[in-house]
Amino acid sequence: MPLVALGLLSAGAARAQQGPVLSDSLTLDGTVRSVLEANPAITTLEEEVNAATSRVTQSRGGFLPQVTGTATYTRIDPVVQVQLSPDAPGFQLAPNNNYDAHITVQYGLLDFGKRDATYNLAESRRLAATDQINVTRRDLAYSAAQSYYNILFVRESIRVQDAQIASLQQHQREMEKRVEGGVSTRFDVTTTQVRITQAQNARIDLVNQLRNQQVQLARLLHKPEYVHVPVRGTLTYQPQAVDVNAALARGIENRPEVKLARDAEQTANLNLKLIERSNLPVLGVGAQVGGKNGYLPNLDKFRPNSVGVVQFSVPIYDGNKNKNQRVEAAANIRGAQSRIQDTQEQIRADVRQAANNLEASSARYDNSLVQIAQATDALTRAQARYRYGVGNNLDVLDAETQLLQARLARLQAIYNYTLGQYQLKRATGEVIW
């Protein structure tokens, strides 16, 4: 029985330094928590947030004075000598050995908002990195839920298959008694054995599916050594009323993709503001305090000195670099706005598809109940007819198969409806972790 794919994103598993919180058996909540706590992808994103936070702190440095200490030694040969008369000895205007040590303080008094724009841009990128963690957590949580219910579904399918095999084996024993009594032929026994073999082959396929689902969940848990992940629980049908309009409103408001798209637009706007201010004048002051030699009349004497400066810088021409940067930034803003619109349209489609899937699964569940009742009645009648010699063995076997298919259809409908509920939760941005 093929599993229904809902397109939930799968991801690798988690926060290796802490390790998953596993117990003897995992409920859905325990499975989701363990996957989230074991996933290195989240750790990677958290480090990106740390890096973004550091960039915010770095941008704050622009609001503080910059202090630099410098010490230099310079050897000059030859040096200029001045001789006032032919008979007088010459004297140097500068020493051969030059020493200079000073501390420089610089501070920008006015930059027309450039520092504020730099800080705001860094903060916006930090918020976007934080929101990306929520998206990754959401995807991992729903992948864990899907893997959890996949395991429950295959387990229940194996139980249904085992019940059919047991019923067929019981039917085979009855056939053998009838053959011994001379009221049936060996052909009936052989036909029943063929059906048992087919059912056993189907069970082998289901067991293989279960093992693969166990491997997938172990991967999400970052525990590849697990052969059997301790999952417990049962599939139950719990119908719910769906208000599509309310779900659409929740999706637009809560989906983390919308927040990320708006983060991108905000970042693009702030980047444009920074670019617009990068070509504005800058007014700064500076001071230097220290000591050096080279002063007349004693050139080698080390003396204190100080320098003060006020600087006003005005960009004049940059080869149209700033103009082209503005064009690029404006294009990024338009792209981010289009992304918001596309994300909202995708949310509307996701909500409606989830609602449609729930409606279809509910109808299939109701139909499967009718199908089971009909198949059970057909099997009872076929067994009675065969028992009294007015029916044949193939009628009984066909009725057995129809009942199996009806039970599997009911199980499939429950599985589809359950995953449909989580598909709707995901579409509306509901947090399940």
# chains A, B, ... in the order shown; residues from 1 in each chain; ligands from 1
>>> residues_around(residues="segment 425-430 of chain A", least_positions_apart="2", cutoff="9 Å", atoms="only C-alpha atoms", output="list in words")
Leu8, Arg138, Asp139, Tyr142, Ala247, Leu248, Ala249, Arg250, Gly251, Ile252, Glu253, Asn254, Arg255, Pro256, Ile347, Arg348, Ala349, Asp350, Val351, Ala354, Gly420, Gln421, Tyr422, Gln423 and Ile432 of chain A
>>> select_by_dssp(residues="segment 94-281 of chain A", states="helix (DSSP H, G or I)", output="VMD selection string")
chain A and resid 114 to 180 186 to 220 244 to 254 256 to 277
>>> residues_around(residues="segment 196-205 of chain A", least_positions_apart="3", cutoff="7 Å", atoms="only C-alpha atoms", output="PDB file with N, CA, C and O atoms, in the first residue's frame")
ATOM      1  N   ILE A 158       0.159  -3.596   8.636  1.00  0.00           N
ATOM      2  CA  ILE A 158       0.678  -4.945   8.874  1.00  0.00           C
ATOM      3  C   ILE A 158      -0.301  -5.748   9.726  1.00  0.00           C
ATOM      4  O   ILE A 158      -0.538  -6.941   9.473  1.00  0.00           O
ATOM      5  N   GLN A 161      -3.065  -6.862   7.561  1.00  0.00           N
ATOM      6  CA  GLN A 161      -2.588  -7.930   6.684  1.00  0.00           C
ATOM      7  C   GLN A 161      -2.451  -9.239   7.466  1.00  0.00           C
ATOM      8  O   GLN A 161      -2.793 -10.319   6.953  1.00  0.00           O
ATOM      9  N   ILE A 165      -4.210 -12.874   6.712  1.00  0.00           N
ATOM     10  CA  ILE A 165      -3.440 -14.115   6.588  1.00  0.00           C
ATOM     11  C   ILE A 165      -3.981 -15.166   7.550  1.00  0.00           C
ATOM     12  O   ILE A 165      -4.158 -16.345   7.188  1.00  0.00           O
ATOM     13  N   LEU A 168      -7.236 -16.485   6.191  1.00  0.00           N
ATOM     14  CA  LEU A 168      -7.019 -17.388   5.051  1.00  0.00           C
ATOM     15  C   LEU A 168      -6.470 -18.737   5.518  1.00  0.00           C
ATOM     16  O   LEU A 168      -6.824 -19.792   4.975  1.00  0.00           O
ATOM     17  N   THR A 192      -6.461 -21.505  -2.175  1.00  0.00           N
ATOM     18  CA  THR A 192      -6.356 -20.778  -0.913  1.00  0.00           C
ATOM     19  C   THR A 192      -4.895 -20.522  -0.562  1.00  0.00           C
ATOM     20  O   THR A 192      -4.528 -19.438  -0.078  1.00  0.00           O
ATOM     21  N   GLN A 193      -4.029 -21.525  -0.811  1.00  0.00           N
ATOM     22  CA  GLN A 193      -2.605 -21.344  -0.525  1.00  0.00           C
ATOM     23  C   GLN A 193      -1.993 -20.239  -1.391  1.00  0.00           C
ATOM     24  O   GLN A 193      -1.117 -19.496  -0.933  1.00  0.00           O
ATOM     25  N   ASN A 208       9.016  -4.017   4.872  1.00  0.00           N
ATOM     26  CA  ASN A 208      10.121  -3.259   4.285  1.00  0.00           C
ATOM     27  C   ASN A 208       9.849  -1.755   4.377  1.00  0.00           C
ATOM     28  O   ASN A 208      10.756  -0.966   4.691  1.00  0.00           O
ATOM     29  N   GLN A 209       8.599  -1.357   4.104  1.00  0.00           N
ATOM     30  CA  GLN A 209       8.242   0.048   4.259  1.00  0.00           C
ATOM     31  C   GLN A 209       8.438   0.518   5.698  1.00  0.00           C
ATOM     32  O   GLN A 209       8.934   1.629   5.943  1.00  0.00           O
TER      33      GLN A 209
END
>>> residues_around(residues="Leu110 of chain A", least_positions_apart="2", cutoff="9 Å", atoms="only C-alpha atoms", output="ChimeraX atom specification")
/A:108,112-114,281-284
>>> atom_distance(atom1="atom CA of Pro315 of chain A", atom2="atom CA of Ser59 of chain A")
21.9 Å
>>> residues_around(residues="Phe302 of chain A", least_positions_apart="6", cutoff="7 Å", atoms="only C-alpha atoms", output="list in words")
Gly291, Lys292 and Asn293 of chain A
>>> residues_around(residues="Ala128 of chain A", least_positions_apart="6", cutoff="8 Å", atoms="only C-alpha atoms", output="list in words")
Leu260, Asp263 and Ala264 of chain A
>>> residues_around(residues="Val79 of chain A", least_positions_apart="5", cutoff="10 Å", atoms="only C-alpha atoms", output="ChimeraX atom specification")
/A:91-96
